[in-house]
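**Q** My file is protein31.cif. It has mmCIF, C-alpha atoms:
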data_coords
loop_
_atom_site.label_atom_id
_atom_site.label_comp_id
_atom_site.auth_asym_id
_atom_site.auth_seq_id
_atom_site.Cartn_x
_atom_site.Cartn_y
_atom_site.Cartn_z
CA MET A 237 0.00 0.00 0.00
CA LYS A 238 1.09 3.58 -0.67
CA ASP A 239 0.45 6.50 1.66
CA LEU A 240 -2.79 8.11 0.59
CA ARG A 241 -5.63 10.45 1.51
CA VAL A 242 -9.15 9.04 1.63
CA ALA A 243 -12.59 10.63 1.78
CA LEU A 244 -15.81 9.20 3.26
CA VAL A 245 -19.10 10.72 2.12
CA GLN A 246 -21.70 10.97 4.88
CA GLU A 247 -24.68 12.31 2.95
CA ALA A 248 -28.12 11.20 1.82
CA PRO A 249 -28.82 10.50 -1.84
CA VAL A 250 -31.79 12.09 -3.57
CA LEU A 251 -33.92 9.26 -2.26
CA PHE A 252 -35.69 7.11 -4.85
CA ASP A 253 -34.42 9.34 -7.69
CA LEU A 254 -31.67 7.72 -9.75
CA SER A 255 -30.76 10.56 -12.11
CA ARG A 256 -30.59 13.23 -9.42
CA THR A 257 -28.58 10.93 -7.17
CA LEU A 258 -26.03 10.46 -9.96
CA GLU A 259 -25.76 14.25 -10.23
CA LYS A 260 -25.12 14.39 -6.49
CA VAL A 261 -22.41 11.72 -6.76
CA ASP A 262 -20.70 13.86 -9.40
CA GLY A 263 -20.62 16.91 -7.14
CA LEU A 264 -19.43 14.96 -4.10
CA LEU A 265 -16.61 13.27 -6.03
CA GLY A 266 -15.47 16.65 -7.32
CA GLN A 267 -15.49 18.08 -3.80
CA ALA A 268 -13.44 15.18 -2.44
CA LYS A 269 -10.96 15.40 -5.33
CA SER A 270 -10.49 19.13 -4.67
CA GLU A 271 -9.46 18.28 -1.09
CA GLY A 272 -6.73 15.94 -2.29
CA ALA A 273 -8.51 12.60 -1.83
CA GLU A 274 -7.34 9.69 -3.97
CA PHE A 275 -10.06 7.27 -2.85
CA VAL A 276 -13.70 8.02 -2.00
CA LEU A 277 -16.10 5.72 -0.16
CA PHE A 278 -19.88 6.15 -0.28
CA PRO A 279 -22.35 4.45 2.10
CA GLU A 280 -24.38 1.29 1.68
CA ALA A 281 -27.16 1.59 -0.92
CA PHE A 282 -26.33 5.22 -1.71
CA ILE A 283 -27.85 4.72 -5.15
CA SER A 284 -30.63 5.47 -4.67
CA ALA A 285 -31.80 4.74 -1.13
CA TYR A 286 -31.35 2.60 1.92
CA PRO A 287 -35.10 2.23 2.58
CA ARG A 288 -34.98 2.78 6.33
CA GLY A 289 -38.44 2.98 7.88
CA ILE A 290 -40.25 1.76 4.76
CA THR A 291 -42.67 -1.14 5.34
CA PHE A 292 -43.38 -2.16 1.71
CA GLY A 293 -46.85 -3.08 3.00
CA THR A 294 -45.68 -6.33 4.57
CA VAL A 295 -46.52 -8.41 7.58
CA VAL A 296 -45.73 -12.09 7.96
CA GLY A 297 -47.98 -13.91 5.53
CA SER A 298 -49.30 -10.89 3.65
CA ARG A 299 -48.27 -8.22 1.14
CA SER A 300 -50.41 -5.24 0.11
CA GLU A 301 -51.00 -3.74 -3.34
CA MET A 302 -49.59 -0.40 -2.15
CA GLY A 303 -46.54 -2.21 -0.81
CA ARG A 304 -45.93 -3.73 -4.23
CA ALA A 305 -46.25 -0.26 -5.76
CA MET A 306 -43.67 1.01 -3.27
CA TRP A 307 -41.32 -1.83 -4.19
CA GLN A 308 -41.69 -0.83 -7.84
CA ARG A 309 -40.79 2.76 -6.91
CA TYR A 310 -37.66 1.41 -5.24
CA HIS A 311 -36.96 -0.92 -8.18
CA ASP A 312 -37.23 1.94 -10.66
CA SER A 313 -34.64 4.03 -8.76
CA SER A 314 -32.12 1.17 -8.62
CA LEU A 315 -29.14 0.62 -10.91
CA ASP A 316 -29.09 -1.85 -13.81
CA LEU A 317 -25.44 -2.57 -14.58
CA ASN A 318 -26.37 -3.24 -18.21
CA ALA A 319 -28.19 0.08 -18.70
CA GLN A 320 -27.23 3.66 -19.53
CA ALA A 321 -27.31 4.85 -15.91
CA PHE A 322 -24.41 2.54 -15.08
CA LEU A 323 -22.41 3.97 -17.98
CA ASP A 324 -23.29 7.45 -16.70
CA LEU A 325 -21.91 6.53 -13.27
CA ALA A 326 -18.71 5.17 -14.81
CA ASN A 327 -18.28 8.37 -16.81
CA ILE A 328 -18.82 10.47 -13.68
CA VAL A 329 -16.00 8.59 -11.94
CA LYS A 330 -13.77 8.95 -15.00
CA LYS A 331 -14.52 12.67 -15.24
CA ASN A 332 -13.34 13.14 -11.64
CA GLY A 333 -10.34 10.81 -12.07
CA ILE A 334 -10.47 9.15 -8.67
CA TYR A 335 -10.82 5.69 -7.14
CA CYS A 336 -14.36 5.24 -5.87
CA CYS A 337 -16.30 2.60 -3.96
CA ILE A 338 -20.06 3.09 -3.80
CA GLY A 339 -23.01 1.16 -2.45
CA VAL A 340 -25.90 0.67 -4.86
CA THR A 341 -29.19 -1.15 -5.08
CA GLU A 342 -28.52 -3.30 -8.12
CA ARG A 343 -31.36 -4.39 -10.39
CA VAL A 344 -31.03 -7.45 -12.61
CA ARG A 345 -33.24 -8.17 -15.58
CA SER A 346 -35.02 -11.07 -13.91
CA GLY A 347 -36.37 -8.49 -11.42
CA THR A 348 -34.36 -9.24 -8.27
CA LEU A 349 -32.64 -6.43 -6.38
CA TYR A 350 -29.29 -6.79 -4.60
CA CYS A 351 -27.41 -4.65 -2.11
CA THR A 352 -24.17 -4.26 -4.02
CA LEU A 353 -20.79 -2.58 -3.60
CA LEU A 354 -19.08 -1.31 -6.76
CA TYR A 355 -15.36 -0.51 -7.13
CA PHE A 356 -14.16 1.93 -9.81
CA ASP A 357 -10.67 2.97 -10.85
CA PRO A 358 -9.87 6.56 -11.94
CA GLU A 359 -10.52 5.63 -15.58
CA GLY A 360 -14.11 4.81 -14.73
CA LYS A 361 -13.60 1.07 -15.10
CA CYS A 362 -15.61 -1.06 -12.69
CA ILE A 363 -12.86 -3.25 -11.30
CA GLY A 364 -15.02 -5.12 -8.80
CA LYS A 365 -18.51 -5.87 -7.52
CA HIS A 366 -19.75 -7.50 -4.32
CA ARG A 367 -23.34 -8.46 -3.55
CA LYS A 368 -24.35 -8.66 0.12
CA ILE A 369 -24.48 -12.34 0.99
CA LYS A 370 -27.04 -12.06 3.80
CA PRO A 371 -29.48 -9.15 3.93
CA THR A 372 -30.38 -8.45 7.55
CA ALA A 373 -33.88 -8.99 8.94
CA ALA A 374 -36.52 -7.05 6.93
CA GLU A 375 -33.91 -6.23 4.24
CA ARG A 376 -34.69 -9.74 2.94
CA ILE A 377 -38.06 -8.46 1.70
CA VAL A 378 -36.38 -6.30 -0.95
CA TRP A 379 -32.89 -7.75 -1.56
CA GLY A 380 -31.73 -11.11 -2.79
CA GLU A 381 -28.64 -12.92 -1.45
CA GLY A 382 -25.25 -12.83 -3.14
CA ASP A 383 -23.53 -16.14 -3.84
CA GLY A 384 -20.20 -15.29 -2.20
CA SER A 385 -18.15 -15.73 -5.37
CA ASP A 386 -17.24 -12.03 -5.20
CA LEU A 387 -15.68 -12.03 -1.73
CA LEU A 388 -12.54 -10.59 -3.29
CA VAL A 389 -9.75 -8.14 -2.56
CA TYR A 390 -8.61 -5.97 -5.48
CA ASP A 391 -4.94 -5.18 -6.04
CA THR A 392 -4.83 -1.51 -7.08
CA SER A 393 -2.16 1.16 -7.37
CA LEU A 394 -3.33 2.42 -3.95
CA GLY A 395 -3.13 -0.94 -2.24
CA LYS A 396 -5.24 -4.05 -1.70
CA ILE A 397 -8.85 -2.94 -1.30
CA GLY A 398 -11.91 -4.99 -0.38
CA GLY A 399 -14.70 -5.08 2.13
CA LEU A 400 -18.05 -6.22 3.44
CA ILE A 401 -21.41 -4.49 3.71
CA CYS A 402 -22.93 -3.67 7.11
CA TRP A 403 -23.73 -6.80 9.14
CA GLU A 404 -21.75 -9.07 6.84
CA ASN A 405 -18.95 -7.77 9.03
CA TYR A 406 -20.30 -9.90 11.90
CA MET A 407 -19.60 -13.05 9.85
CA PRO A 408 -16.16 -14.35 10.97
CA GLN A 409 -15.65 -16.60 7.94
CA ALA A 410 -16.35 -13.71 5.56
CA ARG A 411 -13.81 -11.49 7.33
CA MET A 412 -11.25 -14.28 7.29
CA CYS A 413 -11.75 -14.68 3.55
CA LEU A 414 -10.60 -11.07 3.10
CA TYR A 415 -7.73 -11.38 5.57
CA ASP A 416 -6.45 -14.41 3.66
CA GLN A 417 -6.15 -12.16 0.59
CA ALA A 418 -3.86 -9.73 2.48
CA ILE A 419 -6.39 -6.89 2.58
CA GLU A 420 -4.92 -3.48 3.44
CA ILE A 421 -7.83 -1.05 2.96
CA TYR A 422 -11.00 -2.63 4.33
CA VAL A 423 -14.22 -0.78 3.42
CA ALA A 424 -17.30 -1.25 5.60
CA PRO A 425 -20.18 0.80 4.23
CA THR A 426 -23.11 0.46 6.60
CA ALA A 427 -26.55 1.58 7.70
CA ASP A 428 -25.76 0.91 11.40
CA HIS A 429 -25.62 4.12 13.43
CA ARG A 430 -25.46 2.52 16.87
CA ASP A 431 -22.58 3.18 19.23
CA SER A 432 -21.82 -0.56 19.22
CA TRP A 433 -20.88 -0.37 15.53
CA GLN A 434 -17.86 1.71 16.49
CA HIS A 435 -16.58 -1.20 18.58
CA THR A 436 -17.12 -3.56 15.65
CA ILE A 437 -14.99 -1.61 13.21
CA ARG A 438 -12.21 -1.08 15.76
CA HIS A 439 -12.15 -4.82 16.39
CA ILE A 440 -11.92 -5.56 12.65
CA ALA A 441 -9.02 -3.15 12.23
CA MET A 442 -7.14 -4.77 15.10
CA GLU A 443 -8.01 -8.29 14.02
CA GLY A 444 -7.16 -7.82 10.35
CA ARG A 445 -4.29 -5.36 10.93
CA CYS A 446 -5.75 -3.20 8.17
CA PHE A 447 -7.25 0.25 7.76
CA VAL A 448 -11.03 0.17 8.14
CA LEU A 449 -13.15 2.82 6.43
CA SER A 450 -16.72 2.81 7.71
CA CYS A 451 -19.20 5.07 5.94
CA ASN A 452 -22.87 5.70 6.74
CA GLN A 453 -25.55 8.10 5.53
CA PHE A 454 -26.95 11.07 7.40
CA VAL A 455 -30.66 10.98 6.62
CA ALA A 456 -33.51 13.13 7.92
CA ARG A 457 -37.25 12.75 7.39
CA GLU A 458 -37.18 15.80 5.14
CA ASP A 459 -34.97 13.84 2.70
CA TYR A 460 -37.89 11.48 1.93
CA PRO A 461 -40.37 12.21 -0.86
CA LEU A 462 -43.89 12.73 0.48
CA ASP A 463 -45.55 10.70 -2.29
CA LEU A 464 -44.21 7.22 -1.50
CA PRO A 465 -47.01 4.69 -2.15
CA GLY A 466 -48.67 3.56 1.06
CA GLU A 467 -45.98 4.97 3.35
CA ALA A 468 -46.72 7.47 6.14
CA VAL A 469 -43.54 9.54 5.73
CA GLU A 470 -44.80 12.19 8.15
CA GLN A 471 -44.70 9.59 10.94
CA LEU A 472 -41.01 8.78 10.48
CA PRO A 473 -38.50 10.08 13.07
CA ASN A 474 -36.89 13.47 12.41
CA ILE A 475 -33.48 11.78 12.09
CA LEU A 476 -33.43 8.32 10.55
CA SER A 477 -29.67 7.80 10.35
CA ARG A 478 -27.17 9.65 12.53
CA GLY A 479 -24.10 8.70 10.50
CA GLY A 480 -21.00 7.83 12.50
CA SER A 481 -18.55 7.55 9.58
CA THR A 482 -14.92 7.19 10.59
CA VAL A 483 -11.53 5.67 9.71
CA ILE A 484 -9.65 3.25 12.00
CA ASP A 485 -5.94 2.44 11.75
CA PRO A 486 -4.49 -1.11 12.00
CA LEU A 487 -3.90 -0.72 15.75
CA GLY A 488 -7.54 0.18 16.37
CA ASN A 489 -7.10 3.92 16.72
CA PRO A 490 -9.57 6.33 15.06
CA LEU A 491 -7.80 8.59 12.57
CA VAL A 492 -10.78 10.92 12.61
CA ASP A 493 -13.61 11.28 15.12
CA PRO A 494 -16.92 9.75 14.01
CA LEU A 495 -19.19 12.30 12.37
CA TRP A 496 -22.59 12.40 14.04
CA ASP A 497 -25.91 14.12 13.30
CA VAL A 498 -24.78 16.10 10.26
CA GLY A 499 -23.94 15.49 6.63
CA GLY A 500 -20.48 16.06 5.22
CA ILE A 501 -17.26 14.51 3.95
CA ILE A 502 -14.53 13.37 6.32
CA TYR A 503 -10.89 12.88 5.34
CA ALA A 504 -7.99 10.84 6.68
CA ASN A 505 -4.38 10.18 5.70
CA LEU A 506 -3.31 6.52 5.67
CA SER A 507 0.33 5.63 6.36
CA SER A 508 1.60 2.37 4.90
CA ASP A 509 4.17 2.12 7.70
CA LEU A 510 1.39 1.35 10.18
CA LEU A 511 0.45 -1.76 8.23
CA ILE A 512 3.95 -3.15 8.67
CA GLN A 513 4.38 -2.04 12.28
CA SER A 514 1.06 -3.54 13.34
CA LYS A 515 2.20 -7.04 12.32
CA MET A 516 4.97 -7.02 14.93
CA ASP A 517 2.75 -8.54 17.60
CA PHE A 518 -0.25 -9.90 15.70
CA ASP A 519 -0.75 -11.33 12.22
CA VAL A 520 -4.12 -12.99 11.71
CA THR A 521 -2.93 -15.09 8.74
CA GLY A 522 0.70 -15.43 9.87
CA HIS A 523 2.25 -16.28 13.23
CA TYR A 524 -1.07 -15.86 15.08
CA ALA A 525 -3.03 -18.11 12.71
CA ARG A 526 -1.77 -21.38 14.28
CA LYS A 527 -2.76 -23.37 11.25
CA ASP A 528 -1.23 -26.42 12.93
CA LEU A 529 -4.19 -26.26 15.34
CA PHE A 530 -6.89 -24.70 13.15
CA PRO A 531 -6.49 -25.94 9.56
#
In structure tokens, how does this file's structure come out?
**A**
Amino acid sequence: MKDLRVALVQEAPVLFDLSRTLEKVDGLLGQAKSEGAEFVLFPEAFISAYPRGITFGTVVGSRSEMGRAMWQRYHDSSLDLNAQAFLDLANIVKKNGIYCCIGVTERVRSGTLYCTLLYFDPEGKCIGKHRKIKPTAAERIVWGEGDGSDLLVYDTSLGKIGGLICWENYMPQARMCLYDQAIEIYVAPTADHRDSWQHTIRHIAMEGRCFVLSCNQFVAREDYPLDLPGEAVEQLPNILSRGGSTVIDPLGNPLVDPLWDVGGIIYANLSSDLLIQSKMDFDVTGHYARKDLFP
């Protein structure tokens, strides 16, 4: 890994509006580039919404017509990787000339939606894609499961980059899969704004001896359209996601304080020396692996 400056975007998209969200991505990438960032991380499902608080008209054993209409609204604002909007996103990244990792709701032509993480290089080439392997709780209503074939770390000019989405990070075998690939920059886009999440990402940094970049949205009720089918937007809390984005070094130390209760972009400088120094006393795939005991 080289020394580099990273940016984490803690903003809301233009919820359920694909084209306007892409315009917002363009502006945010330009802002991060102007501050010297070489790599930008966006939150989980930034394109075009993490549907927090939305019921989709469901209870166990029943779905409503309005709920199906709401799912279609969500479907229509998602990203088809074989359609023009995906090419538009790639061109936005290329225009700004920066490495980018962004969470999207991916739509496939069969109709299924996935919670997906896309990796782009500065030329706008999509160098990687990861679909969430286990949507959490009610997320299973709207997202399918990834097959795990894309649990990969990508060797870039910045370093070895990979990651997991939100509560995938509580799956020890999934983390170990990334550690085995010598991950250096571990991205953890999330929708978890609890204090306990901060302990999770510090543990991962110390366990994997890697930099952990955790990025969440800041979302208020006023960010939601008022015309969502069957959804009582006015009854949602004033603040739906507090944020908490931060960067942790390989010894578990925050490089920047978590950002709470406001939108913005946070920045941190990563030093490659810390990756080497952190392996002095712990190496999860090396001298601490004890593969003679745990094959």
**Q** List, as a list of chain:residue names, every residue that the PyMOL selection byres ((chain A and resi 366-370) around 9) selects in the file provided.
**A**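 Selected by the PyMOL selection byres ((chain A and resi 366-370) around 9) here: A:Glu342, A:Tyr350, A:Cys351, A:Thr352, A:Leu353, A:Leu354, A:Tyr355, A:Gly364, A:Lys365, A:Pro371, A:Thr372, A:Arg376, A:Trp379, A:Gly380, A:Glu381, A:Gly382, A:Asp383, A:Gly384, A:Ser385, A:Asp386, A:Leu387, A:Leu388, A:Gly399, A:Leu400, A:Ile401, A:Cys402, A:Trp403, A:Glu404.
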**Q** Which neighbours of A:Val492 fall inside 8 Å, counting all atoms listed in the file, when residues of the same chain fewer than 4 positions from it are skipped, and could you give them as a list in words?
**A**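 What passes the distance filter is Thr482, Val483, Ile484, Ile502, Tyr503 and Ala504 of chain A.
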**Q** Mind giving me the straight-line distance from atom CA of A:Val245 to atom CA of A:Phe278 in Å, one decimal?
**A**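 According to the coordinates, atom CA of A:Val245 and atom CA of A:Phe278 are separated by 5.2 Å.
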**Q** At what distance in Å, to one decimal, does atom CA of A:Val261 lie from atom CA of A:Ala374?
**A**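 Result for atom CA of A:Ala374 versus atom CA of A:Val261: 27.2 Å, one decimal.
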**Q** Padding 5 Å on each side, edges along x, y and z: where is the centre of the box around the listed atoms of stretch 243-252 of chain A, and how long are its edges in Å to one decimal? Output it as lines of an AutoDock Vina configuration file.
**A**
center_x = -24.1
center_y = 9.7
center_z = 0.0
size_x = 33.1
size_y = 15.2
size_z = 19.7
**Q** Using only C-alpha atoms, can you tell me which of A:Leu476, A:Met442, A:Ala268, A:Leu529 comes closest to A:Pro490?
**A** A:Met442
**Q** Go through stretch 327-413 of chain A residue by residue and, counting all atoms listed in the file, keep those with an atom at most 12 Å from stretch 506-525 of chain A; for each kept residue give the shortest atom pair and its distance in Å to one decimal, ordered by chain and increasing number, as a tab-separated table.
**A**
residue	atom	partner	partner_atom	distance
A:Leu394	CA	A:Ser508	CA	10.1
A:Gly395	CA	A:Ser508	CA	9.2
A:Lys396	CA	A:Ser508	CA	11.5
A:Arg411	CA	A:Val520	CA	10.7
A:Met412	CA	A:Thr521	CA	8.5
A:Cys413	CA	A:Thr521	CA	10.2
**Q** Using all atoms listed in the file, can you tell me which of A:Tyr390, A:Asp239, A:Ser313, A:Ala281 comes closest to A:Val340?
**A**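 Using all atoms listed in the file, the shortest distance to A:Val340 belongs to A:Ala281.
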**Q** Taking (-19.6, -10.0, 21.4) in the file's coordinates, which residues come within 12 Å, counting all atoms listed in the file, written as an MDAnalysis selection string?
**A** chainID A and resid 406:408 432:433 435:436 439
**Q** Create the file for the chosen residues now, containing C-alpha atoms and written as a tab-separated table (two decimals), in the coordinates of the input.
**A**
chain	number	residue	atom	x	y	z
A	406	TYR	CA	-20.30	-9.90	11.90
A	407	MET	CA	-19.60	-13.05	9.85
A	408	PRO	CA	-16.16	-14.35	10.97
A	432	SER	CA	-21.82	-0.56	19.22
A	433	TRP	CA	-20.88	-0.37	15.53
A	435	HIS	CA	-16.58	-1.20	18.58
A	436	THR	CA	-17.12	-3.56	15.65
A	439	HIS	CA	-12.15	-4.82	16.39
**Q** Using all atoms listed in the file, find the one residue out of A:Ile501, A:Asn327, A:Glu280, A:Asp528 that sits nearest to A:Gln267.
**A**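 Closest to A:Gln267 of all the choices is A:Ile501.
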**Q** Separation of atom CA of A:Ser477 and atom CA of A:Leu244, in Å?
**A** 15.6 Å
**Q** Mind checking which residues fall within 9 Å of stretch 290-307 of chain A, counting all atoms listed in the file, ignoring those fewer than 5 positions away in the same chain, and posting them as a PyMOL selection string?
**A** chain A and resi 312+374+377-378+464-469
**Q** For A:Val250, which residue among A:Glu375, A:Glu458, A:Asp431, A:Asp485 is the nearest when counting all atoms listed in the file?
**A** A:Glu458
**Q** From the options A:Gly444, A:Gly272, A:Gly360, A:Gly263, which residue's atoms come nearest to A:Glu247, counting only C-alpha atoms?
**A**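 Closest to A:Glu247, using only C-alpha atoms: A:Gly263.
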**Q** With distances taken over all atoms listed in the file, which residue among A:Asp324, A:Asp428, A:Pro287, A:Ile421 lies nearest A:Cys337?
**A** A:Ile421
**Q** Using the chain letters and numbers from the file, give me the residues hit by the PyMOL selection byres ((chain A and resi 499) around 12), as JSON, numbers by chain.
**A** {"A": [244, 245, 246, 247, 248, 249, 264, 451, 452, 453, 454, 455, 456, 459, 475, 477, 478, 479, 480, 481, 494, 495, 496, 497, 498, 500, 501, 502]}
**Q** Around the point (-21.8, 6.9, -16.8), in the coordinates given by the file, pick out the residues reaching within 12 Å, counting all atoms listed in the file, and return them as a VMD selection string.
**A** chain A and resid 255 258 to 259 261 to 262 315 to 332 356 359 to 362
